[in-house]
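*Asks:* Structure file model_33.cif, mmCIF, C-alpha atoms and all ligand atoms, is pasted below:
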```
data_input
#
loop_
_atom_site.label_atom_id
_atom_site.label_comp_id
_atom_site.auth_asym_id
_atom_site.auth_seq_id
_atom_site.Cartn_x
_atom_site.Cartn_y
_atom_site.Cartn_z
CA MET A 772 -59.77 -61.82 50.16
CA LYS A 773 -58.91 -59.34 47.42
CA LYS A 774 -60.62 -55.94 47.58
CA ASN A 775 -62.61 -54.38 44.73
CA ILE A 776 -60.97 -51.20 43.44
CA VAL A 777 -62.30 -48.93 40.70
CA VAL A 778 -59.79 -46.90 38.69
CA LEU A 779 -61.30 -43.70 37.27
CA ALA A 780 -59.10 -42.28 34.53
CA THR A 781 -59.02 -38.62 33.53
CA GLY A 782 -55.90 -38.40 31.32
CA GLY A 783 -52.65 -36.57 32.12
CA THR A 784 -49.01 -37.46 31.58
CA ILE A 785 -49.50 -40.89 33.12
CA ALA A 786 -51.49 -41.60 29.95
CA GLY A 787 -49.16 -39.55 27.75
CA LYS A 788 -47.05 -40.48 24.73
CA ALA A 789 -43.89 -38.90 23.29
CA ASP A 790 -42.16 -39.61 19.97
CA THR A 791 -38.96 -40.94 21.57
CA PRO A 792 -38.08 -42.67 24.88
CA ASN A 793 -35.79 -39.84 26.02
CA GLU A 794 -38.38 -37.12 25.47
CA THR A 795 -39.97 -36.21 28.80
CA GLY A 796 -40.97 -32.61 28.10
CA MET A 797 -42.59 -32.55 24.67
CA TYR A 798 -45.36 -35.14 24.48
CA GLN A 799 -49.09 -35.51 24.22
CA ALA A 800 -50.88 -36.04 27.52
CA ALA A 801 -54.05 -38.14 27.81
CA VAL A 802 -53.60 -40.70 25.02
CA LEU A 803 -53.66 -44.13 26.70
CA THR A 804 -57.05 -45.42 27.77
CA VAL A 805 -57.76 -46.76 31.24
CA GLU A 806 -57.65 -50.32 29.85
CA GLU A 807 -54.18 -49.69 28.37
CA LEU A 808 -52.96 -48.21 31.66
CA LEU A 809 -54.17 -51.25 33.60
CA ASP A 810 -52.98 -53.82 31.03
CA ALA A 811 -49.46 -52.39 31.27
CA ILE A 812 -49.21 -53.62 34.90
CA PRO A 813 -50.14 -57.34 34.97
CA ARG A 814 -49.26 -57.60 38.69
CA LEU A 815 -52.14 -55.26 39.55
CA LYS A 816 -54.42 -58.30 39.34
CA GLU A 817 -52.57 -59.83 42.31
CA LEU A 818 -53.36 -56.78 44.45
CA ALA A 819 -57.09 -56.35 43.89
CA ASN A 820 -60.07 -56.97 41.65
CA ILE A 821 -59.87 -53.94 39.40
CA THR A 822 -62.33 -52.31 37.05
CA GLY A 823 -61.62 -49.18 35.05
CA GLU A 824 -63.78 -46.31 33.87
CA GLN A 825 -62.78 -43.44 31.60
CA ILE A 826 -64.26 -40.28 33.15
CA ALA A 827 -62.32 -37.85 30.94
CA GLN A 828 -59.31 -37.86 28.62
CA ILE A 829 -57.66 -34.47 29.11
CA ASP A 830 -54.50 -32.59 29.93
CA SER A 831 -55.36 -31.53 33.48
CA ALA A 832 -54.93 -27.87 32.54
CA ASN A 833 -58.38 -28.43 31.00
CA MET A 834 -59.93 -29.83 34.20
CA SER A 835 -63.27 -28.17 34.87
CA GLN A 836 -65.93 -27.88 37.53
CA THR A 837 -68.19 -29.97 35.27
CA ILE A 838 -65.74 -32.89 35.41
CA TRP A 839 -65.22 -32.32 39.16
CA LEU A 840 -68.94 -32.65 39.78
CA THR A 841 -69.19 -35.75 37.56
CA LEU A 842 -66.21 -37.31 39.35
CA ALA A 843 -67.44 -36.55 42.86
CA LYS A 844 -70.94 -37.87 42.11
CA ARG A 845 -69.57 -41.01 40.45
CA ILE A 846 -67.23 -41.70 43.39
CA ASN A 847 -70.08 -41.21 45.87
CA THR A 848 -72.27 -43.63 43.93
CA LEU A 849 -69.49 -46.23 43.65
CA LEU A 850 -68.43 -46.02 47.28
CA ALA A 851 -72.03 -46.30 48.50
CA SER A 852 -71.98 -49.83 47.08
CA PRO A 853 -70.71 -52.65 49.30
CA GLN A 854 -69.12 -54.05 46.12
CA VAL A 855 -66.57 -51.24 45.96
CA ASP A 856 -63.78 -50.93 48.53
CA GLY A 857 -61.73 -48.05 47.19
CA ILE A 858 -61.10 -45.65 44.31
CA VAL A 859 -58.01 -44.63 42.37
CA VAL A 860 -58.20 -41.54 40.15
CA THR A 861 -55.51 -41.18 37.48
CA HIS A 862 -54.96 -37.49 36.78
CA GLY A 863 -52.55 -35.02 35.23
CA THR A 864 -50.18 -33.60 37.80
CA ASP A 865 -50.69 -29.93 36.93
CA THR A 866 -54.05 -29.54 38.67
CA MET A 867 -54.10 -32.79 40.65
CA GLU A 868 -53.91 -30.98 44.00
CA GLU A 869 -57.06 -29.02 43.15
CA THR A 870 -59.13 -32.05 42.14
CA ALA A 871 -57.86 -33.94 45.19
CA TYR A 872 -58.88 -31.16 47.58
CA PHE A 873 -62.27 -30.76 45.87
CA LEU A 874 -62.91 -34.48 46.35
CA ASN A 875 -61.61 -34.31 49.93
CA LEU A 876 -64.44 -31.86 50.65
CA THR A 877 -67.19 -33.58 48.66
CA VAL A 878 -66.71 -37.38 48.80
CA LYS A 879 -69.08 -38.86 51.37
CA SER A 880 -67.26 -42.02 52.36
CA ALA A 881 -64.44 -43.09 54.63
CA LYS A 882 -63.27 -45.65 52.07
CA PRO A 883 -59.90 -44.87 50.47
CA VAL A 884 -59.71 -42.48 47.51
CA VAL A 885 -56.23 -42.01 46.00
CA LEU A 886 -55.16 -39.64 43.22
CA VAL A 887 -52.16 -40.64 41.15
CA GLY A 888 -50.27 -39.35 38.13
CA ALA A 889 -46.83 -39.35 36.62
CA MET A 890 -44.18 -36.80 35.81
CA ARG A 891 -42.90 -38.76 32.81
CA PRO A 892 -45.02 -39.96 29.88
CA ALA A 893 -45.73 -43.67 29.50
CA THR A 894 -43.29 -43.87 26.56
CA ALA A 895 -40.26 -42.68 28.60
CA MET A 896 -37.42 -45.21 28.91
CA SER A 897 -38.00 -45.14 32.66
CA PRO A 898 -41.59 -44.05 33.23
CA ASP A 899 -42.82 -43.40 36.79
CA GLY A 900 -46.49 -44.04 35.96
CA PRO A 901 -46.66 -47.85 36.31
CA MET A 902 -45.06 -47.96 39.77
CA ASN A 903 -47.09 -44.95 40.89
CA LEU A 904 -50.32 -46.60 39.73
CA TYR A 905 -49.38 -49.92 41.34
CA ASN A 906 -48.71 -48.09 44.64
CA ALA A 907 -51.96 -46.14 44.38
CA VAL A 908 -53.96 -49.37 44.04
CA LEU A 909 -51.96 -50.86 46.92
CA LEU A 910 -52.89 -47.84 49.03
CA ALA A 911 -56.55 -47.83 47.95
CA GLN A 912 -57.01 -51.47 48.96
CA SER A 913 -55.25 -51.01 52.31
CA GLN A 914 -56.99 -50.78 55.67
CA GLU A 915 -54.48 -48.08 56.66
CA ALA A 916 -55.84 -45.61 54.09
CA THR A 917 -59.40 -45.79 55.45
CA GLY A 918 -60.74 -42.60 57.04
CA LYS A 919 -57.70 -40.49 56.13
CA GLY A 920 -59.37 -38.28 53.53
CA VAL A 921 -58.51 -38.13 49.85
CA LEU A 922 -54.85 -39.01 49.39
CA VAL A 923 -52.28 -38.19 46.70
CA SER A 924 -49.57 -40.74 45.97
CA LEU A 925 -46.61 -40.40 43.62
CA ASN A 926 -42.94 -41.36 43.92
CA ASP A 927 -43.45 -43.76 46.86
CA THR A 928 -44.97 -41.03 49.06
CA ILE A 929 -48.41 -40.45 50.58
CA ASN A 930 -49.70 -36.88 50.88
CA SER A 931 -52.79 -35.23 52.31
CA SER A 932 -54.87 -33.61 49.56
CA ARG A 933 -55.35 -30.52 51.73
CA GLU A 934 -51.66 -29.87 52.11
CA VAL A 935 -49.97 -31.29 49.03
CA THR A 936 -48.80 -29.10 46.17
CA LYS A 937 -46.76 -29.57 43.01
CA THR A 938 -43.35 -28.11 43.84
CA ASN A 939 -41.33 -28.81 40.70
CA THR A 940 -42.30 -28.60 37.03
CA ALA A 941 -40.46 -31.76 35.99
CA LEU A 942 -38.89 -33.86 38.74
CA GLN A 943 -40.48 -37.06 39.97
CA ASP A 944 -40.39 -35.97 43.63
CA SER A 945 -42.53 -32.95 42.83
CA PHE A 946 -45.45 -33.60 45.21
CA LYS A 947 -44.85 -32.34 48.72
CA ALA A 948 -46.58 -30.60 51.61
CA PRO A 949 -44.12 -27.77 52.27
CA GLU A 950 -42.92 -27.81 55.89
CA LEU A 951 -45.86 -29.97 57.07
CA GLY A 952 -44.50 -33.06 55.35
CA TYR A 953 -45.67 -36.35 53.91
CA LEU A 954 -48.32 -38.43 55.65
CA GLY A 955 -46.16 -41.44 54.90
CA TYR A 956 -44.38 -43.67 52.41
CA ILE A 957 -45.06 -46.77 50.36
CA GLN A 958 -42.17 -49.19 50.51
CA SER A 959 -41.87 -52.80 49.35
CA GLY A 960 -45.59 -53.33 49.01
CA ARG A 961 -46.70 -51.66 52.25
CA PRO A 962 -48.03 -48.22 53.15
CA TYR A 963 -46.45 -46.62 56.23
CA PHE A 964 -48.35 -43.69 57.82
CA TYR A 965 -46.70 -41.26 60.28
CA ARG A 966 -49.09 -38.31 60.64
CA LEU A 967 -52.51 -36.99 59.60
CA SER A 968 -54.02 -33.72 58.53
CA THR A 969 -56.13 -32.44 61.44
CA ARG A 970 -58.74 -30.73 59.26
CA LYS A 971 -62.23 -32.11 58.56
CA HIS A 972 -62.74 -34.02 55.33
CA THR A 973 -65.09 -36.36 53.41
CA VAL A 974 -67.90 -37.61 55.72
CA LYS A 975 -67.33 -34.75 58.17
CA THR A 976 -67.83 -31.86 55.74
CA GLU A 977 -71.06 -29.91 55.23
CA PHE A 978 -70.75 -29.86 51.42
CA ASP A 979 -73.08 -31.93 49.27
CA VAL A 980 -72.72 -32.10 45.50
CA THR A 981 -75.75 -34.36 44.93
CA ASP A 982 -77.91 -31.62 43.39
CA LEU A 983 -75.15 -29.23 42.31
CA THR A 984 -74.82 -28.57 38.59
CA ALA A 985 -72.38 -25.63 38.76
CA LEU A 986 -70.11 -23.84 41.19
CA PRO A 987 -70.09 -20.09 41.81
CA ARG A 988 -67.39 -18.16 39.95
CA VAL A 989 -64.36 -17.37 42.13
CA ASP A 990 -61.24 -15.70 40.69
CA ILE A 991 -57.70 -15.48 42.01
CA ILE A 992 -55.87 -12.13 42.02
CA TYR A 993 -52.07 -12.33 42.32
CA GLY A 994 -50.33 -9.73 44.48
CA HIS A 995 -47.16 -8.03 43.19
CA VAL A 996 -45.36 -4.68 43.18
CA ASP A 997 -47.62 -2.00 41.67
CA SER A 998 -50.70 -4.28 41.73
CA ASP A 999 -53.89 -2.24 41.60
CA GLY A 1000 -57.67 -2.66 41.43
CA VAL A 1001 -57.98 -3.27 37.67
CA LEU A 1002 -58.01 -7.08 37.79
CA PRO A 1003 -60.31 -7.40 40.84
CA ALA A 1004 -62.79 -5.07 39.11
CA ALA A 1005 -62.57 -7.14 35.91
CA ALA A 1006 -63.25 -10.33 37.89
CA VAL A 1007 -66.32 -8.79 39.50
CA ALA A 1008 -67.52 -7.54 36.10
CA ALA A 1009 -67.14 -11.13 34.81
CA GLY A 1010 -69.51 -12.34 37.52
CA ALA A 1011 -67.19 -13.42 40.35
CA GLN A 1012 -69.08 -14.07 43.58
CA GLY A 1013 -65.83 -14.37 45.46
CA LEU A 1014 -62.17 -13.40 45.11
CA VAL A 1015 -59.05 -15.04 46.48
CA TYR A 1016 -56.18 -12.62 46.84
CA ALA A 1017 -52.73 -14.26 46.67
CA GLY A 1018 -51.06 -11.69 48.86
CA VAL A 1019 -47.47 -10.81 49.53
CA GLY A 1020 -46.21 -12.18 52.87
CA ASN A 1021 -48.97 -12.75 55.43
CA GLY A 1022 -51.61 -11.95 52.80
CA GLY A 1023 -50.37 -8.37 52.52
CA MET A 1024 -51.42 -5.87 49.86
CA SER A 1025 -50.69 -2.41 48.51
CA GLN A 1026 -52.86 0.49 49.66
CA THR A 1027 -54.38 0.64 46.15
CA MET A 1028 -55.24 -3.07 46.18
CA ARG A 1029 -56.59 -2.73 49.71
CA ASP A 1030 -58.93 0.11 48.73
CA ALA A 1031 -60.18 -1.89 45.74
CA LEU A 1032 -60.75 -5.09 47.74
CA LEU A 1033 -62.47 -3.25 50.60
CA ALA A 1034 -64.93 -1.70 48.14
CA ILE A 1035 -65.58 -5.15 46.65
CA ALA A 1036 -66.11 -6.70 50.10
CA ASP A 1037 -68.51 -3.82 50.93
CA SER A 1038 -70.56 -4.79 47.88
CA GLY A 1039 -71.15 -8.25 49.39
CA ILE A 1040 -68.54 -10.22 47.46
CA ALA A 1041 -66.41 -12.55 49.61
CA VAL A 1042 -62.70 -11.66 49.66
CA VAL A 1043 -60.33 -14.37 50.94
CA CYS A 1044 -56.71 -13.48 51.67
CA SER A 1045 -54.21 -16.24 50.88
CA THR A 1046 -50.54 -15.81 50.03
CA ARG A 1047 -48.11 -16.22 47.16
CA VAL A 1048 -45.59 -17.51 49.74
CA SER A 1049 -45.18 -21.31 49.57
CA SER A 1050 -45.82 -22.07 53.25
CA GLY A 1051 -47.12 -20.59 56.48
CA VAL A 1052 -50.40 -19.32 57.92
CA VAL A 1053 -52.26 -16.25 56.71
CA THR A 1054 -53.40 -15.18 60.15
CA LEU A 1055 -56.80 -14.01 61.34
CA SER A 1056 -55.25 -11.06 63.17
CA ALA A 1057 -53.32 -9.70 60.17
CA VAL A 1058 -56.32 -10.08 57.86
CA ALA A 1059 -58.66 -8.51 60.43
CA GLY A 1060 -56.27 -5.53 60.56
CA TYR A 1061 -55.89 -4.65 56.89
CA GLY A 1062 -59.34 -5.95 55.98
CA CYS A 1063 -61.10 -3.80 58.63
CA GLY A 1064 -62.89 -7.03 59.63
CA LYS A 1065 -64.30 -7.52 56.10
CA PHE A 1066 -61.86 -10.05 54.62
CA ILE A 1067 -61.50 -13.79 55.27
CA ALA A 1068 -58.14 -15.40 56.17
CA ALA A 1069 -57.20 -18.52 54.14
CA ASP A 1070 -55.22 -20.13 56.96
CA THR A 1071 -52.59 -22.37 55.25
CA LEU A 1072 -54.57 -22.99 52.06
CA ASN A 1073 -52.68 -21.91 48.96
CA PRO A 1074 -54.64 -19.68 46.55
CA GLN A 1075 -55.85 -22.48 44.27
CA LYS A 1076 -57.15 -24.50 47.23
CA ALA A 1077 -58.63 -21.44 48.95
CA ARG A 1078 -60.53 -20.90 45.70
CA ILE A 1079 -62.07 -24.39 45.94
CA LEU A 1080 -63.15 -23.98 49.54
CA LEU A 1081 -64.62 -20.56 48.75
CA CYS A 1082 -66.54 -21.99 45.75
CA LEU A 1083 -68.06 -24.68 47.97
CA ALA A 1084 -68.65 -22.28 50.86
CA LEU A 1085 -70.62 -19.99 48.53
CA THR A 1086 -72.96 -22.87 47.69
CA LYS A 1087 -74.02 -22.72 51.37
CA THR A 1088 -73.73 -19.10 52.50
CA HIS A 1089 -72.47 -15.60 51.70
CA ASN A 1090 -72.02 -14.76 55.38
CA GLN A 1091 -68.43 -13.69 56.03
CA ALA A 1092 -68.24 -15.07 59.57
CA GLU A 1093 -69.61 -18.42 58.43
CA ILE A 1094 -67.11 -18.62 55.58
CA GLN A 1095 -64.29 -17.73 58.00
CA ARG A 1096 -65.45 -20.59 60.24
CA MET A 1097 -65.15 -22.98 57.28
CA PHE A 1098 -61.59 -21.80 56.57
CA GLY A 1099 -60.79 -22.67 60.18
CA GLU A 1100 -62.32 -26.15 59.91
CA TYR A 1101 -61.32 -27.47 56.48
C1 LIG B 1201 -51.34 -32.72 32.95
O1 LIG B 1201 -51.39 -32.18 34.05
O2 LIG B 1201 -52.31 -33.26 32.42
C2 LIG B 1201 -50.05 -32.72 32.20
C3 LIG B 1201 -48.87 -32.75 33.06
C4 LIG B 1201 -48.76 -33.96 33.93
O3 LIG B 1201 -49.62 -34.81 34.05
O4 LIG B 1201 -47.66 -34.10 34.54
#
```
Write the structure described by the file as structure tokens, please.
*Replies:*
Amino acid sequence: MKKNIVVLATGGTIAGKADTPNETGMYQAAVLTVEELLDAIPRLKELANITGEQIAQIDSANMSQTIWLTLAKRINTLLASPQVDGIVVTHGTDTMEETAYFLNLTVKSAKPVVLVGAMRPATAMSPDGPMNLYNAVLLAQSQEATGKGVLVSLNDTINSSREVTKTNTALQDSFKAPELGYLGYIQSGRPYFYRLSTRKHTVKTEFDVTDLTALPRVDIIYGHVDSDGVLPAAAVAAGAQGLVYAGVGNGGMSQTMRDALLAIADSGIAVVCSTRVSSGVVTLSAVAGYGCGKFIAADTLNPQKARILLCLALTKTHNQAEIQRMFGEY
């Protein structure tokens, strides 16, 4: 029997239009509606019973916590119904990894949730969107995708939302989990899984968006030669309740940055150390050393994902040890 899949559309290049078929860089994202996206792939009807909803119509650079909360609540409502078997979210690729990880921490269902986008607009002479969307629906209606957390699928690959990142500004094989690798592939109408992320997700997290209307402000500070305390101080003045520092190497920082961040941590604001390096662990021991026990280590979360976990953590606690525990679990 065919499964019931809901496609929630948010815009992006998958719904984008350019003036000519060879233009893949200069185009308008978020033009096609969810109905137009679905109508472009008649064979989708053979895969599943599909309904579409337009949640937003944006370039994903304009994604916001308001839309995140709407999306998470809508997915939780839909998946609580026995009439819905899985969800596909169409999304711009630029911030897809952030939305996917936010949902991975806040969706309360083991049913499949798959984020999908495209690197080429729908008007390209060889667009990637239709095949990507077909594969995403295939994945969302599959038994294999159940209980694996929120997934990201483009270019015939399956990625964990915790580990995936956009690695190339333009190429179709942009979405990867550096060094940790794909969870699997989609080939000839079948998903093939080979590994899983070991971190807690969806039904096993402690985060609940049911009554949330906003997330605490958390800013990212980028480490570089001659970086100082000006930007961290500006973030705190703007109301940040937490900072993520994208450090050099294993979360490292200049003495000036260190002094500034220690003073901020002393004032009760959470400081998480991530890295500007594209892979590897920011270790507890290194962070305990230069943070004098006052900073939190981001583990392998990149700065933009560490920011999401810190936002959600701050909805539960401001205790540094508790937040560090969460960075070890999620
Ligand atoms: C966007 O992120 O909305 C634009 C870029 C893309 O989808 O590839």
*Asks:* Kindly provide, as an MDAnalysis selection string, the polymer residues lying within 9 Å of (-47.1, -15.7, 46.1), counting all atoms listed in the file and using the coordinates exactly as they appear in the file.
*Replies:* chainID A and resid 993:995 1017:1020 1022 1045:1049 1073:1074
*Asks:* For range 923-956 of chain A versus range 897-912 of chain A, which residues have an atom no more than 10 Å away, and what is each residue's nearest atom pair and distance in Å rounded to one decimal, using only C-alpha atoms, chain-then-number order, as JSON lines?
*Replies:*
```
{"residue": "A:Val923", "atom": "CA", "partner": "A:Ala907", "partner_atom": "CA", "distance": 8.3}
{"residue": "A:Ser924", "atom": "CA", "partner": "A:Ala907", "partner_atom": "CA", "distance": 6.1}
{"residue": "A:Leu925", "atom": "CA", "partner": "A:Asn903", "partner_atom": "CA", "distance": 5.3}
{"residue": "A:Asn926", "atom": "CA", "partner": "A:Asn903", "partner_atom": "CA", "distance": 6.3}
{"residue": "A:Asp927", "atom": "CA", "partner": "A:Asn903", "partner_atom": "CA", "distance": 7.1}
{"residue": "A:Thr928", "atom": "CA", "partner": "A:Asn906", "partner_atom": "CA", "distance": 9.1}
{"residue": "A:Ile929", "atom": "CA", "partner": "A:Leu910", "partner_atom": "CA", "distance": 8.8}
{"residue": "A:Gln943", "atom": "CA", "partner": "A:Asp899", "partner_atom": "CA", "distance": 7.5}
{"residue": "A:Tyr956", "atom": "CA", "partner": "A:Asn906", "partner_atom": "CA", "distance": 9.9}
```
*Asks:* Please dump the current selection as a tab-separated table (two decimals), keeping the file's coordinate frame; keep C-alpha atoms.
*Replies:*
```tsv
chain	number	residue	atom	x	y	z
A	923	VAL	CA	-52.28	-38.19	46.70
A	924	SER	CA	-49.57	-40.74	45.97
A	925	LEU	CA	-46.61	-40.40	43.62
A	926	ASN	CA	-42.94	-41.36	43.92
A	927	ASP	CA	-43.45	-43.76	46.86
A	928	THR	CA	-44.97	-41.03	49.06
A	929	ILE	CA	-48.41	-40.45	50.58
A	943	GLN	CA	-40.48	-37.06	39.97
A	956	TYR	CA	-44.38	-43.67	52.41
```
*Asks:* Residues at most 7 Å from ligand LIG 1201 (chain B), using only C-alpha atoms and all ligand atoms? Could they come as number ranges by chain?
*Replies:* A: 782-785, 800-801, 829-832, 862-866, 888-891
*Asks:* May I ask for the distance between CA of Ile1035 in chain A and CA of Ala1008 in chain A, given in Å to one decimal place?
*Replies:*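 CA of Ile1035 in chain A sits 11.0 Å away from CA of Ala1008 in chain A.
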*Asks:* Which residue is closest to Ala1057 in chain A? Choose from A:Arg845, A:Ala1084, A:Asn1021, A:Phe946 and count only C-alpha atoms.
*Replies:*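 Among the listed residues, the smallest separation from Ala1057 in chain A belongs to A:Asn1021.
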*Asks:* For Lys1065 in chain A, work out the shell of residues within 9 Å, counting only C-alpha atoms and skipping chain neighbours fewer than 3 positions away, then give it as a ChimeraX atom specification.
*Replies:* /A:1033,1036-1037,1041-1042,1058-1059,1061-1062,1091
*Asks:* I need the residue nearest Glu794 in chain A from this list: A:Ala941, A:Leu986, A:Cys1044, A:Ala843. Use only C-alpha atoms for the distance.
*Replies:*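 Once distances to Glu794 in chain A are computed over only C-alpha atoms, the minimum belongs to A:Ala941.
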*Asks:* So the first atom is CA of Gly920 in chain A and the second is CA of Thr1086 in chain A; what is the distance between them in Å, to one decimal place?
*Replies:*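 Separation between CA of Gly920 in chain A and CA of Thr1086 in chain A: 21.4 Å.
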*Asks:* I'd like the interatomic distance between CA of Thr984 in chain A and CA of Ala851 in chain A, to a tenth of an Å.
*Replies:*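 Computed distance, CA of Thr984 in chain A to CA of Ala851 in chain A, equals 20.5 Å.
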*Asks:* Kindly indicate which residue among A:Leu951, A:Leu849, A:Ala1031, A:Ile812 lies nearest to Thr1071 in chain A, using all atoms listed in the file for the distances.
*Replies:*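 Ranked by minimum distance to Thr1071 in chain A, first place goes to A:Leu951.
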